[in-house]
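Shown below: work_37.cif, with mmCIF, C-alpha atoms and all ligand atoms.
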```
data_upload
loop_
_atom_site.group_PDB
_atom_site.id
_atom_site.type_symbol
_atom_site.label_atom_id
_atom_site.label_comp_id
_atom_site.auth_asym_id
_atom_site.auth_seq_id
_atom_site.Cartn_x
_atom_site.Cartn_y
_atom_site.Cartn_z
ATOM 1 C CA MET W 865 -11.311 -15.944 18.940
ATOM 2 C CA THR W 866 -8.153 -17.535 17.520
ATOM 3 C CA GLU W 867 -5.011 -15.443 17.739
ATOM 4 C CA PRO W 868 -4.198 -14.109 14.239
ATOM 5 C CA SER W 869 -1.015 -15.862 13.252
ATOM 6 C CA ALA W 870 2.294 -14.225 12.467
ATOM 7 C CA ALA W 871 3.027 -14.844 8.832
ATOM 8 C CA ASP W 872 6.764 -15.261 8.924
ATOM 9 C CA ASP W 873 9.802 -16.002 11.084
ATOM 10 C CA ASP W 874 11.788 -13.211 9.461
ATOM 11 C CA PRO W 875 9.287 -10.504 8.574
ATOM 12 C CA ILE W 876 10.045 -7.191 6.911
ATOM 13 C CA ILE W 877 7.251 -5.355 8.795
ATOM 14 C CA GLU W 878 6.218 -6.081 12.365
ATOM 15 C CA VAL W 879 3.188 -4.430 13.930
ATOM 16 C CA GLU W 880 3.130 -4.893 17.688
ATOM 17 C CA ASP W 881 0.184 -4.193 19.969
ATOM 18 C CA PHE W 882 -0.606 -1.151 17.838
ATOM 19 C CA CYS W 883 -3.437 1.209 18.778
ATOM 20 C CA PHE W 884 -4.310 4.406 16.941
ATOM 21 C CA HIS W 885 -6.510 7.396 17.785
ATOM 22 C CA TYR W 886 -7.831 10.335 15.760
ATOM 23 C CA GLY W 887 -8.364 12.830 18.595
ATOM 24 C CA ASP W 888 -10.690 11.134 21.089
ATOM 25 C CA LYS W 889 -11.675 8.405 18.679
ATOM 26 C CA GLN W 890 -9.742 5.131 18.850
ATOM 27 C CA VAL W 891 -9.842 3.333 15.490
ATOM 28 C CA LEU W 892 -7.192 0.606 15.810
ATOM 29 C CA PHE W 893 -7.075 -1.767 18.767
ATOM 30 C CA ASN W 894 -4.001 -3.836 19.682
ATOM 31 C CA ILE W 895 -3.069 -4.868 16.155
ATOM 32 C CA GLY W 896 -0.324 -7.496 16.115
ATOM 33 C CA MET W 897 0.841 -8.916 12.797
ATOM 34 C CA THR W 898 3.866 -9.362 10.599
ATOM 35 C CA PHE W 899 4.300 -8.992 6.847
ATOM 36 C CA GLU W 900 6.423 -11.326 4.753
ATOM 37 C CA SER W 901 9.024 -9.940 2.370
ATOM 38 C CA ASN W 902 8.438 -10.191 -1.357
ATOM 39 C CA LYS W 903 4.832 -11.130 -0.844
ATOM 40 C CA VAL W 904 1.537 -9.336 -1.436
ATOM 41 C CA THR W 905 -0.561 -8.961 1.706
ATOM 42 C CA ALA W 906 -4.170 -7.779 1.358
ATOM 43 C CA LEU W 907 -6.009 -5.904 4.101
ATOM 44 C CA ILE W 908 -9.744 -6.539 3.780
ATOM 45 C CA GLY W 909 -12.789 -5.676 5.862
ATOM 46 C CA PRO W 910 -15.900 -3.510 5.912
ATOM 47 C CA SER W 911 -15.763 0.213 5.323
ATOM 48 C CA GLY W 912 -14.395 2.096 8.301
ATOM 49 C CA CYS W 913 -12.719 -0.918 9.941
ATOM 50 C CA GLY W 914 -9.318 0.796 9.866
ATOM 51 C CA LYS W 915 -7.547 -0.720 6.839
ATOM 52 C CA SER W 916 -6.332 2.578 5.398
ATOM 53 C CA THR W 917 -5.385 3.874 8.819
ATOM 54 C CA LEU W 918 -3.172 0.843 9.401
ATOM 55 C CA LEU W 919 -1.691 1.122 5.896
ATOM 56 C CA ARG W 920 -0.950 4.830 6.292
ATOM 57 C CA ASN W 921 0.868 4.183 9.555
ATOM 58 C CA ILE W 922 3.423 1.994 7.777
ATOM 59 C CA ASN W 923 5.033 5.089 6.258
ATOM 60 C CA ARG W 924 3.765 7.507 8.910
ATOM 61 C CA MET W 925 1.440 9.309 6.500
ATOM 62 C CA ASN W 926 -0.952 9.751 9.401
ATOM 63 C CA ASP W 927 1.585 12.056 11.044
ATOM 64 C CA LEU W 928 0.248 14.724 8.687
ATOM 65 C CA ILE W 929 -3.140 14.671 10.454
ATOM 66 C CA PRO W 930 -3.431 16.829 13.585
ATOM 67 C CA GLU W 931 -4.216 15.298 16.978
ATOM 68 C CA VAL W 932 -3.391 11.699 16.194
ATOM 69 C CA ARG W 933 -1.618 9.392 18.596
ATOM 70 C CA HIS W 934 -0.612 5.779 18.798
ATOM 71 C CA GLU W 935 0.484 3.146 21.262
ATOM 72 C CA GLY W 936 2.544 0.084 20.437
ATOM 73 C CA ASP W 937 5.105 -0.092 17.669
ATOM 74 C CA ILE W 938 5.704 -0.735 13.970
ATOM 75 C CA ARG W 939 9.139 -1.952 12.894
ATOM 76 C CA ILE W 940 10.722 -2.317 9.468
ATOM 77 C CA ASP W 941 13.694 -4.656 9.344
ATOM 78 C CA GLY W 942 13.605 -4.672 13.127
ATOM 79 C CA ALA W 943 13.892 -0.869 13.512
ATOM 80 C CA SER W 944 11.020 1.141 14.998
ATOM 81 C CA LEU W 945 9.428 3.740 12.721
ATOM 82 C CA TYR W 946 9.012 5.884 15.804
ATOM 83 C CA ASP W 947 12.684 5.929 16.787
ATOM 84 C CA PRO W 948 13.513 9.642 17.131
ATOM 85 C CA ARG W 949 16.444 9.104 14.736
ATOM 86 C CA VAL W 950 14.076 8.116 11.909
ATOM 87 C CA GLU W 951 13.735 10.815 9.270
ATOM 88 C CA VAL W 952 10.229 10.645 7.869
ATOM 89 C CA ILE W 953 11.336 11.748 4.386
ATOM 90 C CA SER W 954 13.824 8.908 4.098
ATOM 91 C CA LEU W 955 11.245 6.498 5.559
ATOM 92 C CA ARG W 956 8.827 7.446 2.762
ATOM 93 C CA LYS W 957 11.541 6.768 0.178
ATOM 94 C CA ARG W 958 11.818 3.241 1.576
ATOM 95 C CA VAL W 959 8.054 2.850 1.824
ATOM 96 C CA GLY W 960 6.323 4.152 -1.306
ATOM 97 C CA MET W 961 2.600 4.688 -1.605
ATOM 98 C CA VAL W 962 -0.052 4.612 -4.334
ATOM 99 C CA PHE W 963 -3.559 5.908 -3.754
ATOM 100 C CA GLN W 964 -7.041 5.100 -5.013
ATOM 101 C CA LYS W 965 -7.316 8.270 -7.070
ATOM 102 C CA TYR W 966 -4.308 8.418 -9.337
ATOM 103 C CA ASN W 967 -2.627 11.737 -8.786
ATOM 104 C CA PRO W 968 0.081 12.584 -11.323
ATOM 105 C CA PHE W 969 1.543 16.068 -11.108
ATOM 106 C CA PRO W 970 0.538 18.552 -13.856
ATOM 107 C CA LYS W 971 3.848 17.923 -15.587
ATOM 108 C CA SER W 972 5.268 15.706 -18.292
ATOM 109 C CA ILE W 973 5.524 11.942 -17.880
ATOM 110 C CA TYR W 974 9.294 12.330 -17.514
ATOM 111 C CA GLU W 975 9.084 15.087 -14.900
ATOM 112 C CA ASN W 976 6.530 13.150 -12.853
ATOM 113 C CA ILE W 977 9.102 10.443 -12.272
ATOM 114 C CA VAL W 978 12.201 12.564 -11.748
ATOM 115 C CA PHE W 979 10.479 15.150 -9.555
ATOM 116 C CA PRO W 980 11.693 13.626 -6.243
ATOM 117 C CA LEU W 981 15.247 13.415 -7.607
ATOM 118 C CA ARG W 982 15.172 17.048 -8.695
ATOM 119 C CA VAL W 983 13.867 18.091 -5.275
ATOM 120 C CA ALA W 984 16.837 16.244 -3.775
ATOM 121 C CA GLY W 985 19.141 18.257 -6.081
ATOM 122 C CA ARG W 986 19.995 15.312 -8.336
ATOM 123 C CA ASN W 987 19.989 16.677 -11.875
ATOM 124 C CA SER W 988 22.443 14.449 -13.738
ATOM 125 C CA ARG W 989 20.824 13.750 -17.097
ATOM 126 C CA ALA W 990 22.177 10.181 -17.182
ATOM 127 C CA GLU W 991 20.746 9.388 -13.740
ATOM 128 C CA LEU W 992 17.385 10.976 -14.554
ATOM 129 C CA ASP W 993 17.115 9.121 -17.867
ATOM 130 C CA GLU W 994 18.065 5.831 -16.234
ATOM 131 C CA THR W 995 15.498 6.354 -13.470
ATOM 132 C CA VAL W 996 12.709 7.174 -15.929
ATOM 133 C CA GLU W 997 13.372 4.135 -18.100
ATOM 134 C CA ARG W 998 13.824 1.730 -15.173
ATOM 135 C CA SER W 999 10.712 2.995 -13.356
ATOM 136 C CA LEU W 1000 8.485 2.984 -16.428
ATOM 137 C CA LYS W 1001 9.664 -0.508 -17.352
ATOM 138 C CA GLY W 1002 9.055 -1.576 -13.734
ATOM 139 C CA ALA W 1003 5.513 -0.229 -13.985
ATOM 140 C CA ALA W 1004 4.931 -1.922 -17.375
ATOM 141 C CA LEU W 1005 4.373 1.450 -19.042
ATOM 142 C CA TRP W 1006 7.596 2.057 -20.980
ATOM 143 C CA ASP W 1007 6.489 0.632 -24.318
ATOM 144 C CA GLU W 1008 3.301 2.712 -24.263
ATOM 145 C CA VAL W 1009 4.965 6.048 -23.482
ATOM 146 C CA LYS W 1010 8.606 5.924 -24.551
ATOM 147 C CA ASP W 1011 7.916 8.130 -27.561
ATOM 148 C CA LYS W 1012 6.049 10.801 -25.620
ATOM 149 C CA LEU W 1013 7.976 11.186 -22.389
ATOM 150 C CA HIS W 1014 7.812 14.975 -22.552
ATOM 151 C CA GLU W 1015 4.056 15.156 -23.079
ATOM 152 C CA SER W 1016 1.645 15.896 -20.233
ATOM 153 C CA ALA W 1017 0.816 13.032 -17.891
ATOM 154 C CA TYR W 1018 -2.802 14.168 -18.121
ATOM 155 C CA GLY W 1019 -2.930 12.912 -21.720
ATOM 156 C CA LEU W 1020 -2.701 9.308 -20.495
ATOM 157 C CA SER W 1021 -5.669 7.037 -19.789
ATOM 158 C CA GLY W 1022 -6.705 6.460 -16.169
ATOM 159 C CA GLY W 1023 -4.980 3.078 -16.032
ATOM 160 C CA GLN W 1024 -1.828 4.558 -17.550
ATOM 161 C CA GLN W 1025 -1.903 7.443 -15.059
ATOM 162 C CA GLN W 1026 -2.126 4.939 -12.200
ATOM 163 C CA ARG W 1027 0.830 2.981 -13.618
ATOM 164 C CA LEU W 1028 2.697 6.298 -13.898
ATOM 165 C CA CYS W 1029 2.014 6.857 -10.197
ATOM 166 C CA ILE W 1030 3.374 3.365 -9.518
ATOM 167 C CA ALA W 1031 6.450 4.228 -11.620
ATOM 168 C CA ARG W 1032 6.903 7.394 -9.550
ATOM 169 C CA ALA W 1033 6.497 5.394 -6.338
ATOM 170 C CA ILE W 1034 9.190 2.879 -7.344
ATOM 171 C CA ALA W 1035 11.654 5.471 -8.707
ATOM 172 C CA ASN W 1036 13.527 5.514 -5.400
ATOM 173 C CA ARG W 1037 13.658 1.702 -5.269
ATOM 174 C CA PRO W 1038 11.510 1.360 -2.131
ATOM 175 C CA GLN W 1039 11.550 -1.846 -0.097
ATOM 176 C CA ILE W 1040 7.817 -1.656 0.482
ATOM 177 C CA LEU W 1041 4.924 -0.416 -1.650
ATOM 178 C CA LEU W 1042 1.656 0.506 0.058
ATOM 179 C CA MET W 1043 -1.377 0.482 -2.234
ATOM 180 C CA ASP W 1044 -4.688 1.924 -1.038
ATOM 181 C CA GLU W 1045 -7.399 0.540 -3.344
ATOM 182 C CA PRO W 1046 -5.217 1.206 -6.393
ATOM 183 C CA CYS W 1047 -7.739 -0.183 -8.867
ATOM 184 C CA ALA W 1048 -10.922 1.310 -7.420
ATOM 185 C CA ALA W 1049 -11.136 3.965 -10.143
ATOM 186 C CA LEU W 1050 -10.083 1.695 -13.026
ATOM 187 C CA ASP W 1051 -11.919 -0.462 -15.543
ATOM 188 C CA PRO W 1052 -11.455 -4.268 -15.507
ATOM 189 C CA ILE W 1053 -8.738 -4.302 -18.187
ATOM 190 C CA ALA W 1054 -6.666 -1.611 -16.503
ATOM 191 C CA THR W 1055 -7.226 -3.443 -13.208
ATOM 192 C CA LEU W 1056 -5.831 -6.693 -14.596
ATOM 193 C CA LYS W 1057 -2.758 -4.847 -15.883
ATOM 194 C CA ILE W 1058 -2.069 -3.485 -12.396
ATOM 195 C CA GLU W 1059 -2.615 -6.930 -10.886
ATOM 196 C CA ASP W 1060 -0.126 -8.484 -13.350
ATOM 197 C CA LEU W 1061 2.274 -5.719 -12.501
ATOM 198 C CA MET W 1062 2.086 -6.493 -8.782
ATOM 199 C CA GLU W 1063 3.140 -10.060 -9.501
ATOM 200 C CA ASP W 1064 6.299 -8.679 -11.160
ATOM 201 C CA LEU W 1065 6.922 -5.954 -8.596
ATOM 202 C CA LYS W 1066 6.943 -8.330 -5.646
ATOM 203 C CA LYS W 1067 10.147 -9.899 -6.946
ATOM 204 C CA ASP W 1068 11.856 -6.691 -5.795
ATOM 205 C CA LEU W 1069 9.665 -5.377 -3.013
ATOM 206 C CA THR W 1070 6.943 -6.155 -0.515
ATOM 207 C CA ILE W 1071 3.383 -5.033 -1.237
ATOM 208 C CA VAL W 1072 0.610 -4.238 1.235
ATOM 209 C CA ILE W 1073 -2.705 -3.514 -0.469
ATOM 210 C CA VAL W 1074 -6.098 -2.393 0.798
ATOM 211 C CA THR W 1075 -8.857 -3.772 -1.372
ATOM 212 C CA HIS W 1076 -12.629 -4.059 -1.272
ATOM 213 C CA ASN W 1077 -12.537 -6.485 -4.153
ATOM 214 C CA MET W 1078 -12.587 -10.054 -2.862
ATOM 215 C CA GLN W 1079 -11.747 -11.544 -6.261
ATOM 216 C CA GLN W 1080 -8.787 -9.233 -6.454
ATOM 217 C CA ALA W 1081 -7.518 -10.378 -3.057
ATOM 218 C CA THR W 1082 -7.775 -14.028 -4.120
ATOM 219 C CA ARG W 1083 -6.000 -13.291 -7.418
ATOM 220 C CA ILE W 1084 -3.080 -11.287 -6.125
ATOM 221 C CA ALA W 1085 -2.518 -11.713 -2.398
ATOM 222 C CA ASP W 1086 -0.308 -14.367 -0.848
ATOM 223 C CA ASN W 1087 -1.632 -13.486 2.608
ATOM 224 C CA THR W 1088 -4.861 -11.797 3.676
ATOM 225 C CA ALA W 1089 -5.789 -10.026 6.897
ATOM 226 C CA PHE W 1090 -9.440 -9.528 7.782
ATOM 227 C CA MET W 1091 -10.139 -6.506 9.981
ATOM 228 C CA TYR W 1092 -13.371 -5.609 11.716
ATOM 229 C CA MET W 1093 -14.112 -2.532 13.829
ATOM 230 C CA GLY W 1094 -10.457 -1.665 14.274
ATOM 231 C CA ARG W 1095 -9.356 -5.164 15.230
ATOM 232 C CA LEU W 1096 -7.434 -7.814 13.348
ATOM 233 C CA VAL W 1097 -9.828 -10.749 13.355
ATOM 234 C CA GLU W 1098 -8.014 -13.279 11.202
ATOM 235 C CA TYR W 1099 -4.797 -13.434 9.239
ATOM 236 C CA GLY W 1100 -3.268 -16.159 7.151
ATOM 237 C CA GLN W 1101 -2.647 -17.478 3.688
ATOM 238 C CA THR W 1102 -5.210 -16.121 1.248
ATOM 239 C CA SER W 1103 -6.328 -19.599 0.189
ATOM 240 C CA GLN W 1104 -7.070 -20.517 3.811
ATOM 241 C CA ILE W 1105 -8.885 -17.266 4.624
ATOM 242 C CA PHE W 1106 -11.171 -17.620 1.604
ATOM 243 C CA THR W 1107 -11.788 -21.363 1.664
ATOM 244 C CA ASN W 1108 -11.628 -22.211 5.335
ATOM 245 C CA PRO W 1109 -12.002 -19.093 7.498
ATOM 246 C CA GLY W 1110 -11.619 -19.709 11.200
ATOM 247 C CA GLU W 1111 -13.885 -16.898 12.416
ATOM 248 C CA LYS W 1112 -17.584 -16.366 11.793
ATOM 249 C CA GLU W 1113 -17.089 -12.648 11.031
ATOM 250 C CA THR W 1114 -14.555 -13.505 8.313
ATOM 251 C CA GLU W 1115 -16.911 -16.021 6.792
ATOM 252 C CA ALA W 1116 -19.826 -13.564 6.883
ATOM 253 C CA TYR W 1117 -17.719 -10.907 5.169
ATOM 254 C CA ILE W 1118 -16.212 -13.049 2.415
ATOM 255 C CA THR W 1119 -19.590 -14.550 1.608
ATOM 256 C CA GLY W 1120 -21.061 -11.077 1.244
ATOM 257 C CA ARG W 1121 -23.332 -11.173 4.278
ATOM 258 C CA PHE W 1122 -22.098 -7.748 5.301
ATOM 259 C CA SER W 1123 -20.012 -5.093 3.646
HETATM 260 N N1 LIG I 1201 -8.544 11.994 9.261
HETATM 261 C C1 LIG I 1201 -9.428 11.386 10.050
HETATM 262 N N2 LIG I 1201 -9.941 12.016 11.130
HETATM 263 C C2 LIG I 1201 -10.841 11.420 11.937
HETATM 264 N N3 LIG I 1201 -11.300 10.150 11.755
HETATM 265 C C3 LIG I 1201 -10.834 9.491 10.693
HETATM 266 C C4 LIG I 1201 -9.887 10.058 9.790
HETATM 267 N N4 LIG I 1201 -9.613 9.142 8.835
HETATM 268 C C5 LIG I 1201 -10.356 8.047 9.126
HETATM 269 N N5 LIG I 1201 -11.092 8.261 10.244
HETATM 270 C C6 LIG I 1201 -12.001 7.310 10.889
HETATM 271 O O1 LIG I 1201 -11.251 6.155 11.245
HETATM 272 C C7 LIG I 1201 -12.023 4.966 11.038
HETATM 273 C C8 LIG I 1201 -11.230 4.046 10.126
HETATM 274 O O2 LIG I 1201 -11.137 4.666 8.837
HETATM 275 P P1 LIG I 1201 -10.269 4.032 7.672
HETATM 276 O O3 LIG I 1201 -10.332 4.975 6.524
HETATM 277 O O4 LIG I 1201 -8.955 3.640 8.192
HETATM 278 O O5 LIG I 1201 -11.128 2.713 7.373
HETATM 279 P P2 LIG I 1201 -11.135 1.787 6.095
HETATM 280 O O6 LIG I 1201 -11.344 0.401 6.601
HETATM 281 O O7 LIG I 1201 -9.933 2.028 5.266
HETATM 282 O O8 LIG I 1201 -12.448 2.289 5.360
HETATM 283 P P3 LIG I 1201 -12.797 2.349 3.786
HETATM 284 O O9 LIG I 1201 -12.777 0.936 3.336
HETATM 285 O O10 LIG I 1201 -14.161 2.953 3.757
HETATM 286 O O11 LIG I 1201 -11.751 3.196 3.131
HETATM 287 C C9 LIG I 1201 -13.347 5.428 10.459
HETATM 288 O O12 LIG I 1201 -14.277 5.475 11.506
HETATM 289 C C10 LIG I 1201 -13.057 6.810 9.920
HETATM 290 O O13 LIG I 1201 -14.214 7.613 9.988
#
```
Taking this structure as input, can you express it in the form of structure tokens?
Ligand SMILES: Nc1ncnc2c1ncn2[C@@H]1O[C@H](COP(=O)(O)OP(=O)(O)OP(=O)(O)O)[C@@H](O)[C@H]1O
Amino acid sequence: MTEPSAADDDPIIEVEDFCFHYGDKQVLFNIGMTFESNKVTALIGPSGCGKSTLLRNINRMNDLIPEVRHEGDIRIDGASLYDPRVEVISLRKRVGMVFQKYNPFPKSIYENIVFPLRVAGRNSRAELDETVERSLKGAALWDEVKDKLHESAYGLSGGQQQRLCIARAIANRPQILLMDEPCAALDPIATLKIEDLMEDLKKDLTIVIVTHNMQQATRIADNTAFMYMGRLVEYGQTSQIFTNPGEKETEAYITGRFS
């Protein structure tokens, strides 16, 4: 097996010899990879290979699950996520997350976005207004909702609700956005809107996305990592992975011989 290559000399995220266990079950094995800033990196591989587990470790979401443990390290800008001085709440502000099933709060569009600011005690009307407009523009939703900011988020279409969740995730200006199959519940038009949006978003942040959709990976990802049974099999530029894979498992997966 060829050693999966590091993507960058000056990466924003470094995963080093990372292993992860749910109780007695080990699901990630010695993952070593880096993620380039201001790029989209796709994690692909068959169901259960550990993509979401790896993604959720980048903002320590897995800490919420009992009886998990890890070995190895993940660093952002050179600093370990597991340094005891790291506050998980501030880590999650720097590393936002969007899920497969869009999950707006049962509140207005406006309140969905300002909710984290209100929780932090920031109630200045000017700051809240600025955050709502900037985040909705960043998520390419402003023009569609600017006249109904105080209506329920549940009145939006599925694609709009997902873009609202993206707006909420970028409200704190994160450095990194983790996306776990963000288009899985959306129709093709809404999917293309989110894909266009990612192209814009990566000017300001780094995106890591889990996707089962091979066409999507080729459309949006600069780099692609293929995982299989908890291991990183191959990692490189998306064009190389899809046109000239170095490993037979990668080739079998991208040509649809197993899923
Ligand atoms: N909370 C959990 N407790 C125990 N095992 C889990 C938990 N979450 C995931 N697993 C197991 O870890 C392994 C990796 O799951 P994970 O969801 O990371 O894979 P995946 O590649 O993202 O799969 P999919 O594409 O189906 O979402 C699987 O065997 C899964 O059953």
- atom CA of Thr1082 of chain W and atom CA of Phe893 of chain W, how far apart in Å?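 Distance reported for this atom pair: 26.0 Å.
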- Surrounding residues as a PyMOL selection string, ligand LIG 1201 (chain I), max 9 Å, only C-alpha atoms and all ligand atoms: chain W and resi 885-887+889-892+907-920+926+929-932+1044-1045+1074-1076+1091-1094
- Query: Could you write out as a list of chain:residue names the residues that the PyMOL selection byres (((chain W and resi 1022) around 10) and not hetatm) matches in the shown file?
  - Reply: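 That expression, the PyMOL selection byres (((chain W and resi 1022) around 10) and not hetatm), corresponds here to W:Lys965, W:Tyr966, W:Asn967, W:Tyr1018, W:Gly1019, W:Leu1020, W:Ser1021, W:Gly1023, W:Gln1024, W:Gln1025, W:Gln1026, W:Arg1027, W:Leu1028, W:Cys1047, W:Ala1049, W:Leu1050, W:Asp1051, W:Ala1054.
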- Name the residues captured by the PyMOL selection byres (((chain W and resi 977) around 12) and not hetatm) when it is applied to the shown file; answer as a PyMOL selection string. chain W and resi 968-976+978-983+991-1000+1003+1013-1014+1017+1025+1027-1036
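Between Lys957 of chain W and the candidates W:Leu1005, W:Val879, W:Leu1041, W:Val904, the tightest atom-to-atom separation, counting only C-alpha atoms, involves W:Leu1041.
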- Message: On this structure, the PyMOL selection byres (((chain W and resi 962) around 6) and not hetatm) would catch which residues? List them as a PyMOL selection string, sorted by chain and number.
- Response: chain W and resi 961+963+1043
- Query: Which residue out of W:Pro1038, W:Gly1002, W:Gly942, W:Pro875 has the minimum interatomic distance to Leu955 of chain W when only C-alpha atoms are used?
  - Reply: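 Closest residue, counting only C-alpha atoms: W:Pro1038.
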- Message: Ranking W:Ile1053, W:Met1078, W:Cys883, W:Leu1069 by minimum distance to Ile895 of chain W and counting all atoms listed in the file, which one comes first?
- Response: W:Cys883
- Take atom CA of Arg1083 of chain W and atom CA of Glu1059 of chain W and report the distance between them in Å, one decimal. 8.0 Å
- Task: Figure out the distance between atom CA of Gln1039 of chain W and atom CA of Asp1068 of chain W, please, to one decimal in Å.
- Result: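 Between these atoms lies a distance of 7.5 Å.
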- Task: Fewer than 2 positions away in the same chain doesn't count, so skip those; otherwise give me all residues within 12 Å of Met897 of chain W, counting only C-alpha atoms, as a PyMOL selection string.
- Result: chain W and resi 867-873+875-882+894-895+899-900+905+907+918+936-939+1087-1091+1095-1100
Mind dumping the selected residues with C-alpha atoms as a PDB file, in the coordinates of the input?
```pdb
ATOM      1  CA  GLU W 867      -5.011 -15.443  17.739  1.00  0.00           C
ATOM      2  CA  PRO W 868      -4.198 -14.109  14.239  1.00  0.00           C
ATOM      3  CA  SER W 869      -1.015 -15.862  13.252  1.00  0.00           C
ATOM      4  CA  ALA W 870       2.294 -14.225  12.467  1.00  0.00           C
ATOM      5  CA  ALA W 871       3.027 -14.844   8.832  1.00  0.00           C
ATOM      6  CA  ASP W 872       6.764 -15.261   8.924  1.00  0.00           C
ATOM      7  CA  ASP W 873       9.802 -16.002  11.084  1.00  0.00           C
ATOM      8  CA  PRO W 875       9.287 -10.504   8.574  1.00  0.00           C
ATOM      9  CA  ILE W 876      10.045  -7.191   6.911  1.00  0.00           C
ATOM     10  CA  ILE W 877       7.251  -5.355   8.795  1.00  0.00           C
ATOM     11  CA  GLU W 878       6.218  -6.081  12.365  1.00  0.00           C
ATOM     12  CA  VAL W 879       3.188  -4.430  13.930  1.00  0.00           C
ATOM     13  CA  GLU W 880       3.130  -4.893  17.688  1.00  0.00           C
ATOM     14  CA  ASP W 881       0.184  -4.193  19.969  1.00  0.00           C
ATOM     15  CA  PHE W 882      -0.606  -1.151  17.838  1.00  0.00           C
ATOM     16  CA  ASN W 894      -4.001  -3.836  19.682  1.00  0.00           C
ATOM     17  CA  ILE W 895      -3.069  -4.868  16.155  1.00  0.00           C
ATOM     18  CA  PHE W 899       4.300  -8.992   6.847  1.00  0.00           C
ATOM     19  CA  GLU W 900       6.423 -11.326   4.753  1.00  0.00           C
ATOM     20  CA  THR W 905      -0.561  -8.961   1.706  1.00  0.00           C
ATOM     21  CA  LEU W 907      -6.009  -5.904   4.101  1.00  0.00           C
ATOM     22  CA  LEU W 918      -3.172   0.843   9.401  1.00  0.00           C
ATOM     23  CA  GLY W 936       2.544   0.084  20.437  1.00  0.00           C
ATOM     24  CA  ASP W 937       5.105  -0.092  17.669  1.00  0.00           C
ATOM     25  CA  ILE W 938       5.704  -0.735  13.970  1.00  0.00           C
ATOM     26  CA  ARG W 939       9.139  -1.952  12.894  1.00  0.00           C
ATOM     27  CA  ASN W1087      -1.632 -13.486   2.608  1.00  0.00           C
ATOM     28  CA  THR W1088      -4.861 -11.797   3.676  1.00  0.00           C
ATOM     29  CA  ALA W1089      -5.789 -10.026   6.897  1.00  0.00           C
ATOM     30  CA  PHE W1090      -9.440  -9.528   7.782  1.00  0.00           C
ATOM     31  CA  MET W1091     -10.139  -6.506   9.981  1.00  0.00           C
ATOM     32  CA  ARG W1095      -9.356  -5.164  15.230  1.00  0.00           C
ATOM     33  CA  LEU W1096      -7.434  -7.814  13.348  1.00  0.00           C
ATOM     34  CA  VAL W1097      -9.828 -10.749  13.355  1.00  0.00           C
ATOM     35  CA  GLU W1098      -8.014 -13.279  11.202  1.00  0.00           C
ATOM     36  CA  TYR W1099      -4.797 -13.434   9.239  1.00  0.00           C
ATOM     37  CA  GLY W1100      -3.268 -16.159   7.151  1.00  0.00           C
TER      38      GLY W1100
END
```
Using only the atoms of segment 985-997 of chain W listed in the file, plus 6 Å on each side, state the axis-aligned box centre and edge lengths in Å rounded to one decimal, as lines of an AutoDock Vina configuration file.
```
center_x = 17.6
center_y = 11.2
center_z = -12.1
size_x = 21.7
size_y = 26.1
size_z = 24.0
```
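You can rank W:Ser944, W:Ser901, W:Thr1119, W:Ser1103 by their closest distance to Ile922 of chain W using all atoms listed in the file, and at the top of that list sits W:Ser944.
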